[in-house]
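Shown below: query_27.cif, with mmCIF, C-alpha atoms.
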```
data_structure
#
loop_
_atom_site.label_atom_id
_atom_site.label_comp_id
_atom_site.auth_asym_id
_atom_site.auth_seq_id
_atom_site.Cartn_x
_atom_site.Cartn_y
_atom_site.Cartn_z
CA MET A 23 -2.29 18.09 4.94
CA LYS A 24 -3.77 15.70 7.46
CA ILE A 25 -3.69 11.92 7.79
CA ILE A 26 -7.09 10.25 7.72
CA ASP A 27 -6.39 6.51 7.38
CA TYR A 28 -3.57 3.97 7.10
CA CYS A 29 -2.81 0.28 6.76
CA GLU A 30 0.19 -1.81 7.76
CA ALA A 31 1.76 -4.76 5.95
CA LEU A 32 4.83 -6.98 5.98
CA VAL A 33 6.50 -6.04 2.70
CA PRO A 34 9.27 -8.13 1.10
CA CYS A 35 12.64 -6.38 1.40
CA TRP A 36 13.29 -6.91 -2.33
CA ALA A 37 10.46 -4.47 -3.12
CA LEU A 38 11.61 -1.56 -0.95
CA SER A 39 13.81 0.18 -3.51
CA TYR A 40 10.93 0.20 -5.97
CA LEU A 41 8.39 1.43 -3.40
CA VAL A 42 10.63 4.06 -1.80
CA ASN A 43 12.67 5.30 -4.76
CA GLY A 44 10.82 4.07 -7.82
CA ASP A 45 13.91 2.01 -8.70
CA ALA A 46 12.84 -1.22 -10.37
CA SER A 47 16.36 -2.26 -11.42
CA GLY A 48 16.94 -5.88 -10.55
CA LEU A 49 13.23 -6.67 -10.54
CA GLY A 50 11.54 -8.73 -13.20
CA ASP A 51 8.24 -7.86 -14.84
CA SER A 52 6.34 -10.31 -12.62
CA GLU A 53 7.84 -8.80 -9.44
CA ILE A 54 6.98 -5.28 -10.58
CA ALA A 55 3.44 -6.45 -11.32
CA LEU A 56 3.15 -7.92 -7.79
CA VAL A 57 4.21 -4.63 -6.21
CA ASP A 58 1.98 -2.56 -8.49
CA THR A 59 -1.03 -4.79 -7.78
CA TRP A 60 -0.45 -4.52 -4.02
CA TRP A 61 -0.09 -0.73 -4.24
CA GLN A 62 -3.35 -0.51 -6.20
CA GLN A 63 -5.07 -2.67 -3.56
CA CYS A 64 -3.86 -0.22 -0.89
CA ALA A 65 -5.19 2.68 -2.96
CA ASP A 66 -8.53 0.90 -3.34
CA ALA A 67 -8.75 0.16 0.41
CA LEU A 68 -7.94 3.69 1.58
CA PRO A 69 -10.25 6.70 1.19
CA GLN A 70 -10.97 8.09 -2.26
CA GLY A 71 -9.39 11.39 -3.17
CA ALA A 72 -6.44 10.97 -0.83
CA SER A 73 -2.73 11.01 -1.60
CA LEU A 74 -0.98 7.81 -0.56
CA CYS A 75 2.34 7.85 1.29
CA PHE A 76 4.64 4.99 2.25
CA ASP A 77 7.21 4.32 4.98
CA TYR A 78 8.96 1.32 6.46
CA SER A 79 9.94 0.64 10.05
CA GLY A 80 13.48 0.75 11.36
CA GLU A 81 13.22 -2.87 12.48
CA GLU A 82 15.55 -5.56 11.26
CA PRO A 83 14.03 -7.66 8.48
CA GLY A 84 12.50 -10.96 9.50
CA PHE A 85 11.41 -14.01 7.54
CA CYS A 86 7.68 -14.24 6.84
CA HIS A 87 5.78 -17.14 5.28
CA SER A 88 2.96 -14.89 4.09
CA PRO A 89 4.10 -11.38 3.17
CA ALA A 90 1.76 -8.75 1.74
CA PHE A 91 2.59 -10.07 -1.74
CA GLY A 92 4.83 -12.64 -3.35
CA LEU A 93 6.41 -15.75 -1.91
CA ALA A 94 7.85 -16.21 1.58
CA ALA A 95 10.71 -13.76 2.06
CA ASP A 96 12.53 -11.48 4.47
CA THR A 97 10.09 -8.66 5.19
CA ILE A 98 9.89 -5.40 7.05
CA PRO A 99 6.81 -3.75 8.58
CA CYS A 100 5.52 -0.95 6.35
CA ALA A 101 2.71 1.54 6.44
CA VAL A 102 0.68 3.19 3.71
CA TRP A 103 -1.35 6.19 4.75
CA ALA A 104 -3.85 8.53 3.17
CA MET A 105 -3.44 12.30 3.34
CA VAL A 106 -5.96 14.97 2.41
CA SER A 107 -6.04 18.75 2.61
CA ASN A 108 -6.75 20.37 5.96
CA GLU A 109 -10.07 21.61 4.55
CA ASP A 110 -11.32 18.01 4.25
CA THR A 111 -13.97 17.32 6.90
CA ARG A 112 -12.79 13.81 7.73
CA PRO A 113 -11.12 13.47 11.15
CA GLU A 114 -7.33 13.23 11.42
CA ILE A 115 -5.74 10.12 12.95
CA ASP A 116 -2.38 9.37 14.54
CA LEU A 117 0.09 6.98 12.96
CA PRO A 118 2.21 4.48 14.90
CA GLU A 119 5.35 6.08 16.35
CA TRP A 120 7.66 4.25 13.92
CA VAL A 121 6.10 5.87 10.86
CA ASN A 122 8.27 8.79 9.78
CA VAL A 123 5.90 11.30 8.19
CA GLU A 124 8.74 13.85 8.00
CA ARG A 125 10.60 11.68 5.49
CA VAL A 126 7.81 12.03 2.95
#
```
Can you present the structure in this file as C-alpha cells?
Amino acid sequence: MKIIDYCEALVPCWALSYLVNGDASGLGDSEIALVDTWWQQCADALPQGASLCFDYSGEEPGFCHSPAFGLAADTIPCAVWAMVSNEDTRPEIDLPEWVNVERV
C-alpha cells in the first residue's frame, strides 16, 4: 500500500476514543454525529477509491477556539491519510514525521 494524500486537523480530545478505537461510550448522539460528519468530509476531500487511516500526534493537548468540529475544546493535531494499492498510478507522498503509519 502507498500513501497518496493526507489532511491535518485539530481534533477535540473527547473524540479520540471513538476515532481510534470505535468506542463511542460517553458520547451523545449529537457528538457522534459531529465526528461522523467530519470523517465523511475527510473521505469526500481525499481521493476516491482510497482507504482512510487516522493518527494523532504525541503532543500535549492544547485549547483551541475552532477545532475541526464541535465547540472550543482541548485538541490534538491529527492526520487522516489515503492509502491505495501499489499498483495505483498516483504518486506516493511522505507524511509528517509525527504520523505513525506503523500503528495502523
Inset, instruction - Have a look at A:Val121, A:Ile25, A:Leu68, A:Cys35 and name the one nearest to Gly80 in chain A; count only C-alpha atoms. - result: A:Val121
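This file, queried with the PyMOL selection byres ((chain A and resi 72) around 12), gives the residues Met23, Lys24, Ile25, Ile26, Asp27, Tyr28, Cys64, Ala65, Asp66, Ala67, Leu68, Pro69, Gln70, Gly71, Ser73, Leu74, Cys75, Val102, Trp103, Ala104, Met105, Val106, Ser107, Asn108, Asp110 and Arg112 of chain A.
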Inset, instruction - Evaluate the PyMOL selection byres ((chain A and resi 96) around 7) here and jot the selected residues down as a PyMOL selection string. - result: chain A and resi 34-35+83-86+95+97
How would the residues just chosen look if you wrote them out with C-alpha atoms as a compact mmCIF listing (two decimals), keeping the file's coordinate frame?
```txt
# COMPACT_ATOMS: atom_id res chain seq x y z
CA PRO A 34 9.27 -8.13 1.10
CA CYS A 35 12.64 -6.38 1.40
CA PRO A 83 14.03 -7.66 8.48
CA GLY A 84 12.50 -10.96 9.50
CA PHE A 85 11.41 -14.01 7.54
CA CYS A 86 7.68 -14.24 6.84
CA ALA A 95 10.71 -13.76 2.06
CA THR A 97 10.09 -8.66 5.19
```
Inset, instruction - With the file shown as input, list the residues that the PyMOL selection byres ((chain A and resi 51-53) around 12) selects, as a ChimeraX atom specification. - result: /A:34,36-38,40-41,46-50,54-60,91-93
Legend entry - Between CA of Pro118 in chain A and CA of Gln63 in chain A, distance in Å (one decimal):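 Between CA of Pro118 in chain A and CA of Gln63 in chain A the gap is 21.1 Å.
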Legend entry - Residue among A:Leu117, A:Glu109, A:Ile98, A:Asp45 lying closest to Glu81 in chain A, counting only C-alpha atoms: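 Nearest candidate to Glu81 in chain A out of A:Leu117, A:Glu109, A:Ile98, A:Asp45: A:Ile98.
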Legend entry - Contacts of Trp120 in chain A within 10 Å, all atoms listed in the file, excl. fewer than 3 positions in-chain, as a list in words: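 Those residues are Asp77, Tyr78, Ser79, Gly80, Glu81, Pro99, Cys100, Ala101, Leu117 and Val123 of chain A.
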For range 46-59 of chain A, supply N, CA and C atoms and format the output as a short mmCIF file (atom, residue, chain, number, x, y, z; two decimals), in the frame of the given file.
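Result saved to selection08.cif:
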```cif
data_model
loop_
_atom_site.label_atom_id
_atom_site.label_comp_id
_atom_site.auth_asym_id
_atom_site.auth_seq_id
_atom_site.Cartn_x
_atom_site.Cartn_y
_atom_site.Cartn_z
N ALA A 46 13.22 0.15 -10.08
CA ALA A 46 12.84 -1.22 -10.37
C ALA A 46 14.00 -2.05 -10.90
N SER A 47 15.23 -1.49 -10.90
CA SER A 47 16.36 -2.26 -11.42
C SER A 47 16.54 -3.51 -10.57
N GLY A 48 16.79 -4.59 -11.23
CA GLY A 48 16.94 -5.88 -10.55
C GLY A 48 15.64 -6.63 -10.36
N LEU A 49 14.52 -6.00 -10.66
CA LEU A 49 13.23 -6.67 -10.54
C LEU A 49 12.75 -7.10 -11.92
N GLY A 50 12.13 -8.26 -11.96
CA GLY A 50 11.54 -8.73 -13.20
C GLY A 50 10.14 -8.17 -13.38
N ASP A 51 9.59 -8.37 -14.55
CA ASP A 51 8.24 -7.86 -14.84
C ASP A 51 7.20 -8.43 -13.87
N SER A 52 7.33 -9.70 -13.51
CA SER A 52 6.34 -10.31 -12.62
C SER A 52 6.45 -9.73 -11.21
N GLU A 53 7.66 -9.41 -10.76
CA GLU A 53 7.84 -8.80 -9.44
C GLU A 53 7.27 -7.38 -9.42
N ILE A 54 7.53 -6.64 -10.47
CA ILE A 54 6.98 -5.28 -10.58
C ILE A 54 5.45 -5.33 -10.57
N ALA A 55 4.90 -6.29 -11.28
CA ALA A 55 3.44 -6.45 -11.32
C ALA A 55 2.89 -6.78 -9.93
N LEU A 56 3.59 -7.60 -9.15
CA LEU A 56 3.15 -7.92 -7.79
C LEU A 56 3.09 -6.66 -6.93
N VAL A 57 4.16 -5.86 -7.00
CA VAL A 57 4.21 -4.63 -6.21
C VAL A 57 3.13 -3.67 -6.66
N ASP A 58 2.98 -3.48 -7.96
CA ASP A 58 1.98 -2.56 -8.49
C ASP A 58 0.56 -2.98 -8.11
N THR A 59 0.29 -4.28 -8.15
CA THR A 59 -1.03 -4.79 -7.78
C THR A 59 -1.30 -4.52 -6.30
#
```
